[in-house]
file coords-v7.cif (mmCIF, C-alpha atoms)
data_coords
loop_
_atom_site.label_atom_id
_atom_site.label_comp_id
_atom_site.auth_asym_id
_atom_site.auth_seq_id
_atom_site.Cartn_x
_atom_site.Cartn_y
_atom_site.Cartn_z
CA MET A 25 81.00 86.54 103.90
CA ASP A 26 80.70 90.27 104.62
CA PHE A 27 83.05 93.05 103.53
CA PHE A 28 83.74 95.61 106.27
CA PRO A 29 85.30 98.93 105.23
CA ALA A 30 87.21 100.31 108.21
CA ILE A 31 86.83 103.76 109.72
CA ASP A 32 89.65 104.31 112.20
CA LEU A 33 89.18 107.48 114.25
CA LYS A 34 92.04 109.60 115.57
CA ASP A 35 91.41 113.14 116.80
CA GLY A 36 88.00 113.16 115.10
CA GLN A 37 89.38 112.22 111.67
CA CYS A 38 89.42 109.07 109.53
CA VAL A 39 92.99 107.78 109.47
CA ARG A 40 94.99 104.67 108.79
CA LEU A 41 97.96 103.65 110.88
CA LEU A 42 101.01 101.66 109.81
CA ARG A 43 101.28 98.55 112.01
CA GLY A 44 99.29 100.24 114.78
CA GLU A 45 101.75 103.11 115.35
CA MET A 46 99.86 106.29 116.29
CA ASN A 47 102.68 108.54 115.10
CA ARG A 48 102.43 107.00 111.62
CA ALA A 49 98.87 108.02 110.80
CA THR A 50 97.64 109.10 107.39
CA VAL A 51 94.48 111.24 107.36
CA PHE A 52 92.02 110.24 104.65
CA ASN A 53 88.92 112.22 105.61
CA ASP A 54 88.21 114.86 108.25
CA ASP A 55 84.47 114.07 108.16
CA PRO A 56 83.86 110.51 109.44
CA ALA A 57 80.07 110.77 109.02
CA ALA A 58 80.44 111.71 105.37
CA GLN A 59 82.86 108.83 104.87
CA ALA A 60 80.43 106.42 106.48
CA ALA A 61 77.58 107.69 104.31
CA ASP A 62 79.73 107.20 101.21
CA PHE A 63 80.49 103.61 102.15
CA ALA A 64 76.82 102.93 102.87
CA ALA A 65 75.81 104.39 99.50
CA ARG A 66 78.21 101.98 97.82
CA GLY A 67 76.28 98.98 99.09
CA VAL A 68 78.26 97.60 102.00
CA ARG A 69 76.34 95.71 104.69
CA TRP A 70 78.50 96.63 107.70
CA LEU A 71 80.97 99.26 108.89
CA HIS A 72 83.96 98.53 111.14
CA VAL A 73 84.73 101.55 113.35
CA VAL A 74 87.60 101.90 115.83
CA ASP A 75 88.24 104.71 118.31
CA LEU A 76 92.04 104.67 118.18
CA ASN A 77 92.49 107.34 120.84
CA GLY A 78 90.07 105.41 123.02
CA ALA A 79 92.07 102.22 122.64
CA PHE A 80 95.08 103.94 124.21
CA ALA A 81 93.12 105.96 126.77
CA GLY A 82 90.97 103.04 127.93
CA ARG A 83 87.76 105.03 127.49
CA PRO A 84 85.77 106.51 124.57
CA VAL A 85 87.50 109.58 123.11
CA ASN A 86 85.97 109.98 119.65
CA ALA A 87 82.39 109.64 120.86
CA ALA A 88 81.16 112.66 118.89
CA ALA A 89 82.48 111.19 115.64
CA VAL A 90 80.92 107.79 116.36
CA GLU A 91 77.57 109.39 117.16
CA ALA A 92 77.74 111.37 113.89
CA ILE A 93 78.36 108.13 111.99
CA LEU A 94 75.39 106.48 113.70
CA ALA A 95 73.20 109.42 112.68
CA ALA A 96 74.43 109.32 109.08
CA VAL A 97 73.85 105.64 108.18
CA ASP A 98 71.29 102.90 108.67
CA ILE A 99 73.60 99.92 108.16
CA PRO A 100 74.99 98.09 111.21
CA ILE A 101 78.21 99.24 112.83
CA GLN A 102 80.68 97.27 114.91
CA LEU A 103 82.72 99.48 117.22
CA GLY A 104 85.93 98.93 119.15
CA GLY A 105 88.42 101.02 121.08
CA GLY A 106 88.21 102.09 124.71
CA ILE A 107 85.36 99.77 125.66
CA ARG A 108 86.51 98.36 129.00
CA ASP A 109 83.40 98.04 131.21
CA LEU A 110 79.75 97.03 131.12
CA ARG A 111 78.56 100.62 131.35
CA THR A 112 80.37 101.56 128.15
CA VAL A 113 79.15 98.40 126.41
CA GLY A 114 75.56 99.26 127.26
CA LEU A 115 76.00 102.93 126.39
CA TRP A 116 77.10 102.20 122.84
CA LEU A 117 74.54 99.48 122.24
CA ASP A 118 71.80 101.82 123.47
CA LYS A 119 73.03 104.50 121.08
CA GLY A 120 72.61 102.19 118.12
CA VAL A 121 75.93 100.37 117.68
CA ARG A 122 75.01 96.88 116.51
CA ARG A 123 78.05 95.13 117.95
CA VAL A 124 80.80 96.21 120.34
CA ILE A 125 84.32 94.81 120.13
CA LEU A 126 86.22 93.94 123.31
CA GLY A 127 89.97 93.58 122.88
CA THR A 128 92.10 94.56 125.85
CA ALA A 129 89.16 93.78 128.13
CA ALA A 130 89.03 90.22 126.78
CA VAL A 131 92.58 89.66 128.03
CA ARG A 132 92.44 91.64 131.26
CA ASP A 133 88.89 90.76 132.33
CA PRO A 134 87.44 87.70 130.57
CA ASP A 135 84.47 87.69 132.97
CA LEU A 136 83.46 91.04 131.48
CA VAL A 137 83.14 89.39 128.06
CA ARG A 138 81.01 86.59 129.46
CA THR A 139 78.73 88.96 131.34
CA ALA A 140 78.39 91.31 128.37
CA CYS A 141 77.51 88.39 126.08
CA ALA A 142 74.88 87.17 128.54
CA ARG A 143 73.29 90.60 128.83
CA HIS A 144 73.52 91.44 125.11
CA PRO A 145 73.26 88.20 123.08
CA GLY A 146 74.74 88.42 119.60
CA ARG A 147 76.07 91.92 120.11
CA VAL A 148 79.56 91.38 121.53
CA ALA A 149 82.65 90.54 119.47
CA VAL A 150 86.21 89.92 120.63
CA GLY A 151 89.15 91.54 118.88
CA ILE A 152 92.29 89.41 118.78
CA ASP A 153 95.23 91.53 117.66
CA ALA A 154 98.39 89.48 117.26
CA ARG A 155 102.12 90.00 117.01
CA ASP A 156 103.94 86.77 116.17
CA GLY A 157 101.04 84.71 117.48
CA ARG A 158 100.75 86.57 120.80
CA VAL A 159 97.85 88.83 121.75
CA ALA A 160 98.56 92.58 121.90
CA VAL A 161 96.61 94.93 124.17
CA GLU A 162 96.31 98.62 125.14
CA GLY A 163 96.00 99.85 121.56
CA TRP A 164 98.66 97.33 120.47
CA ALA A 165 101.22 99.03 122.71
CA GLU A 166 101.81 95.90 124.81
CA VAL A 167 102.13 92.23 123.88
CA SER A 168 100.84 89.69 126.37
CA GLU A 169 102.06 86.13 126.89
CA LEU A 170 98.68 84.82 125.76
CA GLY A 171 98.46 82.91 122.49
CA VAL A 172 95.77 83.69 119.91
CA LEU A 173 94.13 80.28 120.08
CA ASP A 174 94.29 80.25 123.88
CA LEU A 175 92.35 83.50 124.04
CA ALA A 176 89.81 82.35 121.46
CA ARG A 177 89.13 79.14 123.33
CA ARG A 178 88.39 81.06 126.53
CA PHE A 179 85.16 82.22 124.94
CA GLU A 180 83.96 79.17 123.03
CA ASP A 181 80.91 78.82 125.26
CA ALA A 182 80.38 82.51 126.06
CA GLY A 183 78.12 83.47 123.16
CA VAL A 184 80.62 85.74 121.39
CA ALA A 185 79.17 86.90 118.07
CA ALA A 186 82.50 87.05 116.21
CA LEU A 187 86.27 87.09 116.59
CA ILE A 188 88.20 89.72 114.65
CA HIS A 189 91.72 88.45 114.01
CA THR A 190 94.27 91.10 113.05
CA ASP A 191 97.91 90.43 112.23
CA ILE A 192 99.46 93.71 113.40
CA ALA A 193 102.58 93.28 111.26
CA ARG A 194 100.36 93.32 108.17
CA ASP A 195 98.00 96.12 109.22
CA GLY A 196 98.30 99.17 106.98
CA ALA A 197 101.40 97.74 105.32
CA MET A 198 99.62 96.84 102.06
CA ARG A 199 101.46 93.54 101.68
CA GLY A 200 98.62 91.08 101.98
CA PRO A 201 96.74 89.53 104.90
CA ASN A 202 97.76 86.54 107.00
CA ILE A 203 95.12 84.27 105.51
CA ALA A 204 96.71 81.04 106.67
CA ALA A 205 96.76 82.00 110.36
CA THR A 206 93.22 83.36 110.27
CA VAL A 207 91.77 80.32 108.51
CA ALA A 208 93.68 78.03 110.89
CA LEU A 209 92.08 79.86 113.82
CA ALA A 210 88.63 79.55 112.25
CA GLU A 211 89.12 75.81 111.77
CA GLN A 212 89.84 75.26 115.47
CA ILE A 213 86.96 77.17 117.04
CA SER A 214 83.22 77.42 116.55
CA ILE A 215 82.99 81.24 116.85
CA PRO A 216 82.72 83.07 113.49
CA VAL A 217 86.05 84.67 112.53
CA ILE A 218 86.66 87.91 110.60
CA LEU A 219 89.97 88.51 108.80
CA SER A 220 91.74 91.85 109.28
CA GLY A 221 95.13 93.36 108.56
CA GLY A 222 96.94 93.86 105.26
CA VAL A 223 94.03 93.33 102.83
CA ALA A 224 95.39 95.41 99.95
CA SER A 225 93.67 94.33 96.74
CA MET A 226 90.80 92.49 95.13
CA ALA A 227 93.25 89.64 94.60
CA ASP A 228 93.70 89.42 98.38
CA LEU A 229 89.94 89.17 98.79
CA ALA A 230 89.74 86.46 96.15
CA ALA A 231 92.55 84.55 97.84
CA ALA A 232 90.82 84.80 101.21
CA ARG A 233 87.54 83.54 99.79
CA ALA A 234 89.26 80.69 97.95
CA ALA A 235 91.21 79.60 101.04
CA ALA A 236 88.42 80.02 103.54
CA GLY A 237 85.29 78.85 101.78
CA ASP A 238 82.55 79.30 104.37
CA ARG A 239 84.94 79.27 107.32
CA LEU A 240 85.29 83.06 107.57
CA ALA A 241 82.45 85.44 108.40
CA GLY A 242 84.00 88.52 106.85
CA VAL A 243 87.00 90.56 105.76
CA ILE A 244 88.00 94.07 106.92
CA SER A 245 89.99 96.51 104.80
CA GLY A 246 90.92 100.15 105.32
CA ARG A 247 93.78 101.79 103.44
CA ALA A 248 93.13 99.91 100.19
CA VAL A 249 89.56 101.20 100.14
CA TYR A 250 90.67 104.80 100.64
CA ASP A 251 93.42 104.41 98.03
CA GLY A 252 90.91 103.09 95.50
CA ARG A 253 92.51 99.66 95.22
CA ILE A 254 89.34 98.03 96.52
CA ASP A 255 85.86 99.14 95.53
CA PRO A 256 83.48 98.24 98.38
CA ALA A 257 80.61 97.19 96.11
CA ALA A 258 82.87 95.01 93.98
CA ALA A 259 84.45 93.57 97.12
CA GLN A 260 81.09 92.50 98.52
CA ALA A 261 80.06 91.03 95.18
CA LEU A 262 83.29 89.01 95.05
CA LEU A 263 82.85 87.67 98.57
CA ASP A 264 79.24 86.73 97.76
CA SER A 265 80.25 84.95 94.56
CA ARG A 266 80.44 81.17 94.42
CA GLU A 267 82.44 81.22 91.22
CA ASP A 268 86.17 81.58 90.79
CA ALA A 269 87.02 85.28 90.51
CA GLN A 270 89.52 86.64 88.04
CA CYS A 271 91.37 89.58 89.60
#

call {"tool": "encode", "arguments": {"input": "coords-v7.cif", "output": "structure tokens"}}
result
Amino acid sequence: MDFFPAIDLKDGQCVRLLRGEMNRATVFNDDPAAQAADFAARGVRWLHVVDLNGAFAGRPVNAAAVEAILAAVDIPIQLGGGIRDLRTVGLWLDKGVRRVILGTAAVRDPDLVRTACARHPGRVAVGIDARDGRVAVEGWAEVSELGVLDLARRFEDAGVAALIHTDIARDGAMRGPNIAATVALAEQISIPVILSGGVASMADLAAARAAAGDRLAGVISGRAVYDGRIDPAAAQALLDSREDAQC
């Protein structure tokens, strides 16, 4: 199971939002490349990067910051936000992003996901952002009528590399992740699932590992890493451990 520190980009800075609200952003670093390099130096295997402005605009907005991150680190990056067409998928993969994340596009244009997966095997993930079990789109500004499991099952045979399941009510709130819902999703589909939203402590990571076993592919955390509640190296060691952790 991999630990993914999150770099959320708003106006060229590293921020964290509270429950996806753009007007409730806390700036943690005005140099995303330096932040990425720091995470890489601390031994993480992946970075999770989101262009928040892009998610609302429907196109890449923080491209310069993403390109600076790519130049600063050698570890793989998964990138979401504003990726709504095949051209943008190919652009980012050609620039060195290891895996792109399709969220709104997965709801609005499922054929795009299938085509992208066929053209770029193993390099396309689907982001499933949920409010009360329903999938949110357009930077979480709208909630669709589509259920989380319904969306996941659309892509069972598409070759999706991973599903990133985020409980929006938990995101940035520092009150623990929705482990039960994420593990339940992982148990009902064959696509690897990554837990996101509300991971606030090493105890949360230990609980996720204990509940999930090998059923989750990874865990994403943002604010708790910046606040110092989670050390990335210790987090990865815990998720790699097969022994019961004491936190």

call {"tool": "closest_residue", "arguments": {"input": "coords-v7.cif", "among": "A:Glu211, A:Asp251, A:Asp156, A:Asp54", "to": "Asp238 of chain A", "atoms": "only C-alpha atoms"}}
result
A:Glu211

call {"tool": "atom_distance", "arguments": {"input": "coords-v7.cif", "atom1": "atom CA of Gly246 of chain A", "atom2": "atom CA of Ile215 of chain A"}}
result
23.5 Å

call {"tool": "resolve_selection", "arguments": {"input": "coords-v7.cif", "expression": "the PyMOL selection byres ((chain A and resi 203) around 12)", "output": "ChimeraX atom specification"}}
result
/A:189-191,194,199-202,204-210,217-223,228-237,239-240,242-243

call {"tool": "closest_residue", "arguments": {"input": "coords-v7.cif", "among": "A:Val184, A:Leu115, A:Ala257, A:Val73", "to": "Ile244 of chain A", "atoms": "all atoms listed in the file"}}
result
A:Val73

call {"tool": "resolve_selection", "arguments": {"input": "coords-v7.cif", "expression": "the PyMOL selection byres ((chain A and resi 96) around 6)", "output": "ChimeraX atom specification"}}
result
/A:57,61,93-95,97

call {"tool": "write_last_selection", "arguments": {"input": "coords-v7.cif", "atoms": "C-alpha atoms", "output": "PDB file, in the frame of the given file"}}
result
ATOM      1  CA  ALA A  57      80.070 110.770 109.020  1.00  0.00           C
ATOM      2  CA  ALA A  61      77.580 107.690 104.310  1.00  0.00           C
ATOM      3  CA  ILE A  93      78.360 108.130 111.990  1.00  0.00           C
ATOM      4  CA  LEU A  94      75.390 106.480 113.700  1.00  0.00           C
ATOM      5  CA  ALA A  95      73.200 109.420 112.680  1.00  0.00           C
ATOM      6  CA  VAL A  97      73.850 105.640 108.180  1.00  0.00           C
TER       7      VAL A  97
END

call {"tool": "resolve_selection", "arguments": {"input": "coords-v7.cif", "expression": "the PyMOL selection byres ((chain A and resi 59) around 12)", "output": "count of residues only"}}
result
34

call {"tool": "residues_near_point", "arguments": {"input": "coords-v7.cif", "point": "(79.4, 83.5, 124.9)", "cutoff": "7 Å", "atoms": "only C-alpha atoms", "output": "PyMOL selection string"}}
result
chain A and resi 138+141-142+179-184

call {"tool": "write_last_selection", "arguments": {"input": "coords-v7.cif", "atoms": "C-alpha atoms", "output": "PDB file, keeping the file's coordinate frame"}}
result
ATOM      1  CA  ARG A 138      81.010  86.590 129.460  1.00  0.00           C
ATOM      2  CA  CYS A 141      77.510  88.390 126.080  1.00  0.00           C
ATOM      3  CA  ALA A 142      74.880  87.170 128.540  1.00  0.00           C
ATOM      4  CA  PHE A 179      85.160  82.220 124.940  1.00  0.00           C
ATOM      5  CA  GLU A 180      83.960  79.170 123.030  1.00  0.00           C
ATOM      6  CA  ASP A 181      80.910  78.820 125.260  1.00  0.00           C
ATOM      7  CA  ALA A 182      80.380  82.510 126.060  1.00  0.00           C
ATOM      8  CA  GLY A 183      78.120  83.470 123.160  1.00  0.00           C
ATOM      9  CA  VAL A 184      80.620  85.740 121.390  1.00  0.00           C
TER      10      VAL A 184
END

call {"tool": "atom_distance", "arguments": {"input": "coords-v7.cif", "atom1": "atom CA of Asp133 of chain A", "atom2": "atom CA of Ile188 of chain A"}}
result
17.7 Å

call {"tool": "atom_distance", "arguments": {"input": "coords-v7.cif", "atom1": "atom CA of Val137 of chain A", "atom2": "atom CA of Asp26 of chain A"}}
result
23.6 Å

call {"tool": "closest_residue", "arguments": {"input": "coords-v7.cif", "among": "A:Asp135, A:Asp35, A:Asp153, A:Asp98", "to": "Asp75 of chain A", "atoms": "only C-alpha atoms"}}
result
A:Asp35

call {"tool": "residues_around", "arguments": {"input": "coords-v7.cif", "residues": "Gly104 of chain A", "least_positions_apart": "2", "cutoff": "8 Å", "atoms": "all atoms listed in the file", "output": "compact mmCIF listing (two decimals) with C-alpha atoms, keeping the file's coordinate frame"}}
result
# COMPACT_ATOMS: atom_id res chain seq x y z
CA VAL A 73 84.73 101.55 113.35
CA VAL A 74 87.60 101.90 115.83
CA ASP A 75 88.24 104.71 118.31
CA ALA A 79 92.07 102.22 122.64
CA GLN A 102 80.68 97.27 114.91
CA GLY A 106 88.21 102.09 124.71
CA ILE A 107 85.36 99.77 125.66
CA VAL A 124 80.80 96.21 120.34
CA ILE A 125 84.32 94.81 120.13
CA LEU A 126 86.22 93.94 123.31
CA GLY A 127 89.97 93.58 122.88

call {"tool": "axis_aligned_box", "arguments": {"input": "coords-v7.cif", "around": "segment 217-222 of chain A", "padding_each_side": "8 Å", "output": "JSON"}}
result
{"center_x": 91.5, "center_y": 89.3, "center_z": 108.9, "size_x": 26.9, "size_y": 25.2, "size_z": 23.3}

call {"tool": "closest_residue", "arguments": {"input": "coords-v7.cif", "among": "A:Gly146, A:Pro100, A:Pro216, A:Gly78", "to": "Lys119 of chain A", "atoms": "only C-alpha atoms"}}
result
A:Pro100

call {"tool": "closest_residue", "arguments": {"input": "coords-v7.cif", "among": "A:Ala185, A:Ala81, A:Leu110, A:Ala88", "to": "Arg123 of chain A", "atoms": "only C-alpha atoms"}}
result
A:Ala185

call {"tool": "closest_residue", "arguments": {"input": "coords-v7.cif", "among": "A:Val148, A:Thr139, A:Ala87, A:Arg266", "to": "Leu117 of chain A", "atoms": "only C-alpha atoms"}}
result
A:Val148

call {"tool": "decode", "arguments": {"input": "coords-v7.cif", "residues": "segment 92-152 of chain A", "atoms": "C-alpha atoms", "output": "tab-separated table (two decimals), in the first residue's frame"}}
result
chain	number	residue	atom	x	y	z
A	92	ALA	CA	8.09	22.72	-12.06
A	93	ILE	CA	7.17	19.75	-9.87
A	94	LEU	CA	7.95	17.33	-12.71
A	95	ALA	CA	11.36	18.97	-13.14
A	96	ALA	CA	12.09	18.82	-9.40
A	97	VAL	CA	11.44	15.12	-8.65
A	98	ASP	CA	12.03	11.70	-10.15
A	99	ILE	CA	9.25	9.84	-8.34
A	100	PRO	CA	5.94	9.19	-10.15
A	101	ILE	CA	3.17	11.76	-10.02
A	102	GLN	CA	-0.56	11.27	-10.45
A	103	LEU	CA	-2.32	14.43	-11.57
A	104	GLY	CA	-5.95	15.50	-11.60
A	105	GLY	CA	-7.93	18.67	-12.18
A	106	GLY	CA	-9.06	20.11	-15.50
A	107	ILE	CA	-8.29	17.03	-17.57
A	108	ARG	CA	-11.37	16.72	-19.78
A	109	ASP	CA	-10.17	15.54	-23.21
A	110	LEU	CA	-7.74	13.16	-24.88
A	111	ARG	CA	-5.43	15.98	-25.94
A	112	THR	CA	-4.89	17.06	-22.34
A	113	VAL	CA	-4.43	13.45	-21.22
A	114	GLY	CA	-1.72	12.94	-23.81
A	115	LEU	CA	-0.11	16.30	-23.10
A	116	TRP	CA	0.45	15.54	-19.43
A	117	LEU	CA	1.58	11.96	-20.00
A	118	ASP	CA	4.07	13.18	-22.60
A	119	LYS	CA	5.40	15.74	-20.11
A	120	GLY	CA	6.17	13.02	-17.60
A	121	VAL	CA	3.07	12.62	-15.43
A	122	ARG	CA	2.88	8.92	-14.63
A	123	ARG	CA	-0.89	8.76	-14.23
A	124	VAL	CA	-3.71	11.19	-14.99
A	125	ILE	CA	-6.91	11.29	-12.96
A	126	LEU	CA	-10.26	11.73	-14.69
A	127	GLY	CA	-13.09	12.83	-12.42
A	128	THR	CA	-15.75	15.01	-13.99
A	129	ALA	CA	-14.91	13.49	-17.37
A	130	ALA	CA	-15.66	10.01	-16.02
A	131	VAL	CA	-19.22	11.10	-15.28
A	132	ARG	CA	-19.84	13.33	-18.28
A	133	ASP	CA	-17.99	11.29	-20.91
A	134	PRO	CA	-17.30	7.67	-19.90
A	135	ASP	CA	-16.17	6.86	-23.45
A	136	LEU	CA	-13.28	9.26	-22.91
A	137	VAL	CA	-12.08	7.12	-20.00
A	138	ARG	CA	-12.28	3.96	-22.06
A	139	THR	CA	-10.43	5.49	-25.00
A	140	ALA	CA	-7.76	7.03	-22.77
A	141	CYS	CA	-7.20	3.69	-21.03
A	142	ALA	CA	-6.86	1.91	-24.38
A	143	ARG	CA	-4.34	4.44	-25.67
A	144	HIS	CA	-2.39	4.72	-22.41
A	145	PRO	CA	-2.55	1.37	-20.55
A	146	GLY	CA	-1.93	1.62	-16.82
A	147	ARG	CA	-1.74	5.40	-16.85
A	148	VAL	CA	-5.34	6.51	-16.29
A	149	ALA	CA	-7.09	6.66	-12.92
A	150	VAL	CA	-10.65	7.68	-12.09
A	151	GLY	CA	-11.39	10.05	-9.23
A	152	ILE	CA	-14.66	9.34	-7.42
